[in-house]
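File shown here: run38.cif, holding mmCIF, C-alpha atoms.
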```cif
data_upload
loop_
_atom_site.label_atom_id
_atom_site.label_comp_id
_atom_site.auth_asym_id
_atom_site.auth_seq_id
_atom_site.Cartn_x
_atom_site.Cartn_y
_atom_site.Cartn_z
CA MET A 16 -0.45 -14.41 93.25
CA GLU A 17 0.35 -13.01 89.80
CA LEU A 18 -0.41 -14.74 86.52
CA ASN A 19 3.19 -14.20 85.38
CA GLN A 20 4.43 -16.19 88.37
CA LEU A 21 2.25 -19.12 87.36
CA LYS A 22 3.53 -18.90 83.78
CA SER A 23 7.10 -18.83 85.04
CA PHE A 24 6.45 -21.83 87.29
CA VAL A 25 5.00 -23.82 84.36
CA ARG A 26 7.79 -22.83 81.99
CA ILE A 27 10.47 -24.04 84.42
CA VAL A 28 8.66 -27.36 84.75
CA GLU A 29 8.44 -27.68 80.96
CA THR A 30 12.11 -26.91 80.33
CA GLY A 31 13.58 -28.35 83.53
CA ASN A 32 16.17 -25.60 83.38
CA LEU A 33 16.19 -22.10 84.83
CA ARG A 34 18.27 -20.57 82.04
CA LYS A 35 16.18 -22.12 79.25
CA ALA A 36 12.97 -21.00 80.95
CA ALA A 37 14.31 -17.45 81.34
CA ASP A 38 15.31 -17.36 77.66
CA ALA A 39 11.87 -18.58 76.60
CA LEU A 40 10.19 -15.91 78.75
CA PHE A 41 12.59 -13.17 77.56
CA ILE A 42 13.58 -12.23 81.10
CA SER A 43 16.84 -12.52 83.00
CA GLN A 44 17.63 -15.64 85.00
CA SER A 45 17.87 -13.57 88.18
CA ALA A 46 14.42 -12.08 87.55
CA LEU A 47 12.96 -15.54 87.04
CA SER A 48 14.61 -16.83 90.23
CA HIS A 49 13.12 -13.89 92.12
CA GLN A 50 9.63 -14.63 90.76
CA ILE A 51 9.81 -18.23 91.91
CA LYS A 52 11.22 -17.23 95.28
CA VAL A 53 8.32 -14.80 95.83
CA LEU A 54 5.82 -17.44 94.70
CA GLU A 55 7.26 -20.03 97.11
CA GLU A 56 7.17 -17.49 99.96
CA ARG A 57 3.53 -16.63 99.26
CA LEU A 58 2.57 -20.31 99.11
CA ALA A 59 4.83 -21.22 102.04
CA LEU A 60 5.96 -24.21 99.99
CA GLN A 61 9.13 -25.30 98.23
CA LEU A 62 8.26 -25.98 94.59
CA PHE A 63 11.65 -26.97 93.16
CA ILE A 64 14.86 -28.69 94.14
CA ARG A 65 17.99 -27.59 92.30
CA THR A 66 20.04 -30.56 91.12
CA ALA A 67 23.01 -31.09 88.82
CA LYS A 68 20.52 -32.03 86.08
CA GLY A 69 18.38 -28.92 86.53
CA MET A 70 15.20 -27.95 88.35
CA GLU A 71 13.17 -30.85 89.74
CA LEU A 72 9.70 -30.55 91.22
CA THR A 73 9.06 -31.34 94.85
CA GLU A 74 6.04 -33.50 95.64
CA GLN A 75 4.06 -30.33 96.50
CA GLY A 76 5.22 -28.71 93.26
CA ARG A 77 4.13 -31.74 91.24
CA ILE A 78 0.61 -31.56 92.71
CA LEU A 79 0.34 -27.82 92.08
CA TYR A 80 1.63 -28.09 88.50
CA SER A 81 -1.59 -29.67 87.23
CA HIS A 82 -3.61 -26.95 88.98
CA ALA A 83 -1.43 -24.24 87.43
CA MET A 84 -2.00 -25.73 83.98
CA ALA A 85 -5.74 -25.79 84.59
CA ILE A 86 -5.74 -22.14 85.68
CA LEU A 87 -3.79 -21.02 82.58
CA SER A 88 -6.12 -23.03 80.36
CA GLN A 89 -9.11 -21.33 81.99
CA VAL A 90 -7.51 -17.93 81.37
CA ASP A 91 -7.19 -18.76 77.66
CA THR A 92 -10.82 -19.91 77.57
CA PHE A 93 -11.90 -16.72 79.35
CA GLN A 94 -10.09 -14.56 76.81
CA GLU A 95 -11.56 -16.45 73.85
CA LYS A 96 -15.09 -16.18 75.28
CA ALA A 97 -14.61 -12.45 75.87
CA GLN A 98 -13.63 -12.04 72.22
CA GLN A 99 -16.75 -13.88 71.09
CA LEU A 100 -19.03 -11.81 73.34
CA SER A 101 -17.49 -8.55 72.15
CA GLY A 102 -18.08 -9.52 68.55
CA ARG A 103 -14.41 -9.53 67.69
CA THR A 104 -13.06 -12.17 65.33
CA THR A 105 -11.21 -15.00 67.05
CA ARG A 106 -7.48 -14.65 66.53
CA ALA A 107 -5.95 -16.25 63.50
CA PHE A 108 -4.55 -19.75 63.89
CA LYS A 109 -0.83 -19.38 63.18
CA ILE A 110 1.16 -22.09 61.38
CA GLY A 111 4.96 -21.89 61.32
CA ILE A 112 6.52 -22.52 57.91
CA ASN A 113 10.16 -23.56 58.25
CA THR A 114 10.98 -23.87 54.55
CA ASP A 115 9.57 -22.81 51.18
CA GLY A 116 5.81 -22.99 50.76
CA LYS A 117 5.92 -25.11 47.62
CA PHE A 118 7.73 -27.94 49.39
CA LEU A 119 5.28 -27.81 52.33
CA GLN A 120 2.26 -27.65 49.97
CA VAL A 121 1.02 -24.48 51.64
CA SER A 122 -1.48 -23.61 48.90
CA ARG A 123 -3.15 -27.03 49.16
CA LEU A 124 -3.05 -26.89 52.94
CA SER A 125 -4.69 -23.46 52.95
CA ARG A 126 -7.58 -24.71 50.82
CA VAL A 127 -8.06 -27.82 52.97
CA LEU A 128 -8.08 -25.79 56.20
CA LYS A 129 -10.55 -23.25 54.81
CA ASN A 130 -12.89 -26.05 53.75
CA HIS A 131 -12.87 -27.57 57.24
CA PHE A 132 -12.81 -24.31 59.22
CA PRO A 133 -14.75 -21.77 57.10
CA ARG A 134 -15.18 -19.38 60.04
CA SER A 135 -11.54 -19.40 61.11
CA ASP A 136 -8.60 -17.38 59.84
CA PHE A 137 -5.24 -18.99 59.21
CA PHE A 138 -1.95 -17.14 59.14
CA PHE A 139 1.23 -18.71 57.78
CA VAL A 140 4.26 -17.43 59.70
CA SER A 141 7.82 -17.64 58.44
CA SER A 142 9.91 -19.63 60.91
CA GLN A 143 13.05 -21.76 61.04
CA THR A 144 13.54 -25.23 62.44
CA ILE A 145 15.85 -24.00 65.21
CA ARG A 146 13.28 -21.40 66.31
CA THR A 147 10.13 -23.55 66.12
CA MET A 148 10.12 -24.69 69.76
CA ALA A 149 10.65 -21.18 71.14
CA MET A 150 7.98 -19.75 68.83
CA LEU A 151 5.50 -22.38 70.03
CA ARG A 152 6.22 -21.57 73.66
CA ASP A 153 5.91 -17.84 73.05
CA LYS A 154 2.62 -18.45 71.17
CA LEU A 155 3.97 -16.79 68.06
CA ILE A 156 2.74 -19.91 66.26
CA ASP A 157 0.19 -22.59 67.19
CA ILE A 158 1.57 -25.43 65.07
CA GLY A 159 4.96 -25.47 63.39
CA PHE A 160 6.80 -27.51 60.78
CA PHE A 161 10.41 -28.46 61.57
CA PHE A 162 13.15 -30.82 60.46
CA GLY A 163 14.92 -33.26 62.77
CA ASP A 164 14.12 -34.77 66.15
CA ASN A 165 12.46 -33.24 69.19
CA GLN A 166 13.90 -33.49 72.70
CA ALA A 167 11.65 -30.88 74.33
CA PRO A 168 9.38 -32.41 77.01
CA ASP A 169 6.72 -29.70 76.64
CA ILE A 170 6.29 -30.10 72.86
CA PHE A 171 4.17 -32.79 71.21
CA THR A 172 5.50 -33.72 67.78
CA HIS A 173 4.40 -35.98 64.98
CA GLN A 174 6.48 -37.08 62.00
CA ILE A 175 4.64 -36.54 58.73
CA GLY A 176 7.40 -37.47 56.30
CA GLN A 177 11.09 -37.66 55.54
CA CYS A 178 13.31 -35.35 53.54
CA ARG A 179 16.31 -36.58 51.57
CA LEU A 180 19.40 -34.37 51.70
CA ARG A 181 22.20 -34.07 49.17
CA ILE A 182 25.62 -32.45 49.21
CA VAL A 183 26.17 -30.06 46.30
CA ILE A 184 29.67 -29.06 45.15
CA PRO A 185 30.48 -26.31 42.62
CA ASN A 186 32.78 -27.88 40.04
CA GLN A 187 35.01 -24.81 40.03
CA LEU A 188 36.11 -25.74 43.56
CA LEU A 189 37.44 -29.10 42.37
CA LYS A 190 40.70 -29.72 40.60
CA PRO A 191 40.36 -30.54 36.89
CA GLY A 192 39.93 -34.24 36.33
CA THR A 193 38.52 -34.97 39.79
CA ASP A 194 36.31 -38.00 39.27
CA SER A 195 35.61 -39.33 42.73
CA LEU A 196 34.58 -37.50 45.87
CA SER A 197 35.42 -38.34 49.47
CA TRP A 198 34.90 -36.87 52.91
CA PRO A 199 38.59 -35.88 53.28
CA LEU A 200 38.36 -34.01 49.97
CA LEU A 201 35.11 -32.25 50.91
CA ALA A 202 36.39 -31.28 54.34
CA GLN A 203 39.11 -29.19 52.68
CA LEU A 204 36.65 -27.27 50.47
CA PRO A 205 34.92 -24.10 51.68
CA TRP A 206 31.45 -24.76 53.11
CA ILE A 207 28.44 -22.49 53.13
CA TRP A 208 27.36 -23.08 56.69
CA SER A 209 24.25 -22.60 58.74
CA VAL A 210 24.06 -22.54 62.53
CA TYR A 211 25.31 -25.63 64.34
CA ASP A 212 21.81 -26.33 65.68
CA CYS A 213 20.53 -26.78 62.12
CA PRO A 214 19.73 -30.52 61.68
CA PHE A 215 21.06 -30.51 58.10
CA TYR A 216 24.50 -29.37 59.16
CA GLY A 217 24.39 -31.45 62.32
CA ILE A 218 24.29 -34.49 60.05
CA VAL A 219 27.39 -33.29 58.18
CA LEU A 220 29.25 -32.59 61.42
CA ARG A 221 28.47 -36.05 62.82
CA ARG A 222 29.43 -37.75 59.56
CA MET A 223 32.73 -35.87 59.38
CA ALA A 224 33.41 -36.60 63.04
CA GLU A 225 33.18 -40.31 62.19
CA GLU A 226 36.02 -39.71 59.73
CA GLN A 227 37.88 -37.58 62.31
CA LEU A 228 37.48 -34.55 60.05
CA THR A 229 36.45 -30.93 60.56
CA PRO A 230 34.68 -29.02 57.77
CA ASN A 231 36.18 -25.83 56.36
CA HIS A 232 33.58 -23.37 57.66
CA ALA A 233 33.73 -20.47 55.19
CA ILE A 234 30.43 -18.57 54.90
CA ASP A 235 27.40 -18.33 57.21
CA ALA A 236 23.91 -18.20 55.72
CA MET A 237 20.65 -19.03 57.49
CA ASP A 238 18.17 -18.73 54.62
CA GLU A 239 17.92 -21.68 52.21
CA SER A 240 17.49 -19.40 49.20
CA VAL A 241 20.71 -17.58 50.12
CA ILE A 242 22.57 -20.88 50.49
CA LYS A 243 21.37 -21.91 47.03
CA GLU A 244 22.53 -18.63 45.49
CA LEU A 245 25.97 -18.93 47.06
CA ILE A 246 26.34 -22.50 45.79
CA ILE A 247 25.24 -21.42 42.29
CA ASP A 248 27.85 -18.65 42.43
CA GLY A 249 30.50 -21.24 43.28
CA GLN A 250 31.38 -19.84 46.69
CA GLY A 251 31.12 -23.07 48.63
CA VAL A 252 29.76 -26.55 49.23
CA GLY A 253 26.32 -26.90 50.80
CA ILE A 254 23.76 -29.45 51.90
CA LEU A 255 20.26 -29.06 50.47
CA ARG A 256 16.97 -30.87 50.21
CA GLU A 257 17.10 -33.12 47.16
CA ASP A 258 14.56 -31.03 45.23
CA ASP A 259 16.65 -27.90 45.84
CA ALA A 260 19.84 -29.76 44.91
CA ARG A 261 18.33 -30.85 41.57
CA ASP A 262 17.11 -27.31 40.95
CA VAL A 263 20.60 -25.90 41.57
CA SER A 264 22.19 -28.53 39.28
CA SER A 265 19.88 -27.41 36.46
CA GLN A 266 21.06 -23.82 36.83
CA ALA A 267 24.78 -24.05 37.53
CA ASP A 268 27.93 -26.09 36.99
CA VAL A 269 27.72 -28.12 40.17
CA ARG A 270 28.01 -31.74 41.16
CA ILE A 271 25.64 -33.65 43.42
CA TRP A 272 27.40 -36.33 45.45
CA GLU A 273 25.19 -39.21 44.38
CA GLN A 274 26.94 -41.80 46.56
CA GLU A 275 25.97 -40.01 49.78
CA SER A 276 22.53 -38.94 50.93
CA PHE A 277 20.81 -38.49 54.27
CA LEU A 278 17.26 -38.69 55.52
CA VAL A 279 15.91 -36.19 58.04
CA PRO A 280 12.39 -36.36 59.50
CA LEU A 281 9.85 -33.65 58.69
CA GLN A 282 7.62 -33.09 61.72
CA ILE A 283 4.91 -30.84 63.06
CA GLY A 284 4.86 -29.70 66.67
CA MET A 285 2.52 -28.06 69.14
CA LEU A 286 2.51 -27.40 72.85
CA LYS A 287 1.40 -30.48 74.78
CA SER A 288 -0.99 -28.25 76.69
CA ASN A 289 -2.83 -27.57 73.40
CA ARG A 290 -2.99 -31.15 72.22
CA SER A 291 -6.42 -31.73 73.79
CA GLN A 292 -8.03 -28.85 71.88
CA ALA A 293 -10.11 -29.89 68.88
CA MET A 294 -8.77 -27.15 66.61
CA PHE A 295 -5.19 -28.27 67.14
CA ARG A 296 -5.94 -31.97 66.79
CA LYS A 297 -7.92 -31.54 63.56
CA THR A 298 -5.36 -29.21 61.99
CA ALA A 299 -2.57 -31.70 62.72
CA GLU A 300 -4.72 -34.51 61.30
CA LEU A 301 -5.35 -32.56 58.08
CA ILE A 302 -1.64 -31.82 57.65
CA GLU A 303 -0.82 -35.50 58.14
CA GLN A 304 -3.47 -36.56 55.60
CA LEU A 305 -2.13 -34.07 53.07
CA TRP A 306 1.38 -35.51 53.36
CA ARG A 307 0.19 -39.10 53.43
#
```

Take the structure I supplied and represent it as structure tokens, if you would.
Amino acid sequence: MELNQLKSFVRIVETGNLRKAADALFISQSALSHQIKVLEERLALQLFIRTAKGMELTEQGRILYSHAMAILSQVDTFQEKAQQLSGRTTRAFKIGINTDGKFLQVSRLSRVLKNHFPRSDFFFVSSQTIRTMAMLRDKLIDIGFFFGDNQAPDIFTHQIGQCRLRIVIPNQLLKPGTDSLSWPLLAQLPWIWSVYDCPFYGIVLRRMAEEQLTPNHAIDAMDESVIKELIIDGQGVGILREDDARDVSSQADVRIWEQESFLVPLQIGMLKSNRSQAMFRKTAELIEQLWR
């Protein structure tokens, strides 16, 4: 039995979906199906039942899942112990930063972590909310910040705060003398858009859907700093964190829609399989205390 087959088995259980598991493992769906088929043949057991909802464990698969998790945990422990015995420094603990460091208090967090873990190295990794879950699964990060809700069964999340969002409109896009704003008016204006999975823009889409409106999708921009620059240049309407919105209004001729605002949760996430480890628990606790 190969270690990759065990990892594939666990990833399918965690996602409940063959395609999602294949994407997370960066292999084709057919290759993943073949791995599981070979594993089932070697074990002489059926591990999954394919249903309309996805991949469901059989009773035998459910029993073996906990053993697979234990084996993979032991492999991680083995690798860490080997590093210690060889004299090599334990790998850096990677924290995913989904927005600018000032907002997330990265400098304060770095000092707090160093005080509590003087022998550990911490590495802050640039990430995005829509990539946080995949980066956790691929072990590109150990803990990650993200906005919005979590629906992933394999990810443990904890809300540490809330972020207020504001819609910012360049005045040059409005007709002279426009005093009041409305959703029908905003829907007609060009929007600087992010991906549809972005929780900020998901809020706008849902709100416009309530009004039976569709936004005028004009420009795509993933990075928050780019979105700010495009708004400052008057190229479109955007939705920003309130601190960013106030910053933009101090630099450019824009209008913040004061009558409308939205709250989105700020959370941290980690793999559920790591939740029992002291390093992960304490780091999450320190982040929560910093925000509290």

**OP:** Pull out every residue that the PyMOL selection byres ((chain A and resi 79) around 12) matches in the shown coordinates and put them as an MDAnalysis selection string.
**Re:** chainID A and resid 21 24:25 28 55 58 60:63 72:78 80:86

**OP:** Give me, please, the distance in Å between CA of Arg123 (chain A) and CA of Leu281 (chain A), quoted to one decimal.
**Re:**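 Taking CA of Arg123 (chain A) and CA of Leu281 (chain A), their separation equals 17.4 Å.
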
For the provided coordinates, the residues matched by the PyMOL selection byres ((chain A and resi 279) around 8) should be stated as a CSV table (one decimal) with C-alpha atoms, in the coordinates of the input.
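What follows is the written file out_29.csv:
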```csv
chain,number,residue,atom,x,y,z
A,162,PHE,CA,13.2,-30.8,60.5
A,163,GLY,CA,14.9,-33.3,62.8
A,177,GLN,CA,11.1,-37.7,55.5
A,178,CYS,CA,13.3,-35.4,53.5
A,179,ARG,CA,16.3,-36.6,51.6
A,180,LEU,CA,19.4,-34.4,51.7
A,214,PRO,CA,19.7,-30.5,61.7
A,215,PHE,CA,21.1,-30.5,58.1
A,277,PHE,CA,20.8,-38.5,54.3
A,278,LEU,CA,17.3,-38.7,55.5
A,280,PRO,CA,12.4,-36.4,59.5
A,281,LEU,CA,9.8,-33.6,58.7
```

If the box runs along x, y and z of the file and leaves 6 Å on each side of region 66-80 of chain A, what are its centre and edge lengths in Å, one decimal, as lines of an AutoDock Vina configuration file?
```
center_x = 11.7
center_y = -30.7
center_z = 91.3
size_x = 34.7
size_y = 17.7
size_z = 22.4
```

Subject >> Shell of 12 Å around Arg57 (chain A), all atoms listed in the file, local chain residues under 4 positions omitted, as a PyMOL selection string >> reply: chain A and resi 16-17+20+50-53+61-62

Original post:
Evaluating the PyMOL selection byres ((chain A and resi 143) around 10) on the displayed file yields which residues, as a ChimeraX atom specification?
Top reply: /A:111-114,140-142,144-148,150,159-162,213,237-238

Would you save the residues of that selection, restricted to C-alpha atoms, as a JSON list (two decimals), keeping the file's coordinate frame?
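The resulting file, again38.json, is reproduced below:
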```json
[["chain", "number", "residue", "atom", "x", "y", "z"],
["A", 111, "GLY", "CA", 4.96, -21.89, 61.32],
["A", 112, "ILE", "CA", 6.52, -22.52, 57.91],
["A", 113, "ASN", "CA", 10.16, -23.56, 58.25],
["A", 114, "THR", "CA", 10.98, -23.87, 54.55],
["A", 140, "VAL", "CA", 4.26, -17.43, 59.70],
["A", 141, "SER", "CA", 7.82, -17.64, 58.44],
["A", 142, "SER", "CA", 9.91, -19.63, 60.91],
["A", 144, "THR", "CA", 13.54, -25.23, 62.44],
["A", 145, "ILE", "CA", 15.85, -24.00, 65.21],
["A", 146, "ARG", "CA", 13.28, -21.40, 66.31],
["A", 147, "THR", "CA", 10.13, -23.55, 66.12],
["A", 148, "MET", "CA", 10.12, -24.69, 69.76],
["A", 150, "MET", "CA", 7.98, -19.75, 68.83],
["A", 159, "GLY", "CA", 4.96, -25.47, 63.39],
["A", 160, "PHE", "CA", 6.80, -27.51, 60.78],
["A", 161, "PHE", "CA", 10.41, -28.46, 61.57],
["A", 162, "PHE", "CA", 13.15, -30.82, 60.46],
["A", 213, "CYS", "CA", 20.53, -26.78, 62.12],
["A", 237, "MET", "CA", 20.65, -19.03, 57.49],
["A", 238, "ASP", "CA", 18.17, -18.73, 54.62]]
```

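Considering all atoms listed in the file, the residue among A:Ala202, A:Leu100, A:Ile64, A:Ile175 positioned nearest to Leu119 (chain A) is A:Ile175.
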
**OP:** Considering all atoms listed in the file, return as a PyMOL selection string whatever protein or nucleic-acid residues lie within 10 Å of region 228-232 of chain A, sequence-local ones (same chain, fewer than 4 positions apart) excluded.
**Re:** chain A and resi 198-209+219-224+251-252

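The shortest atom-to-atom distance to Ser197 (chain A), with all atoms listed in the file taken into account, belongs to A:Gln274 out of A:Ser45, A:Gln304, A:Gln274, A:Gln89.
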
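Taking all atoms listed in the file into account, Asn289 (chain A) lies nearest to A:Ile156 out of the set A:Ile242, A:Leu124, A:Ala260, A:Ile156.
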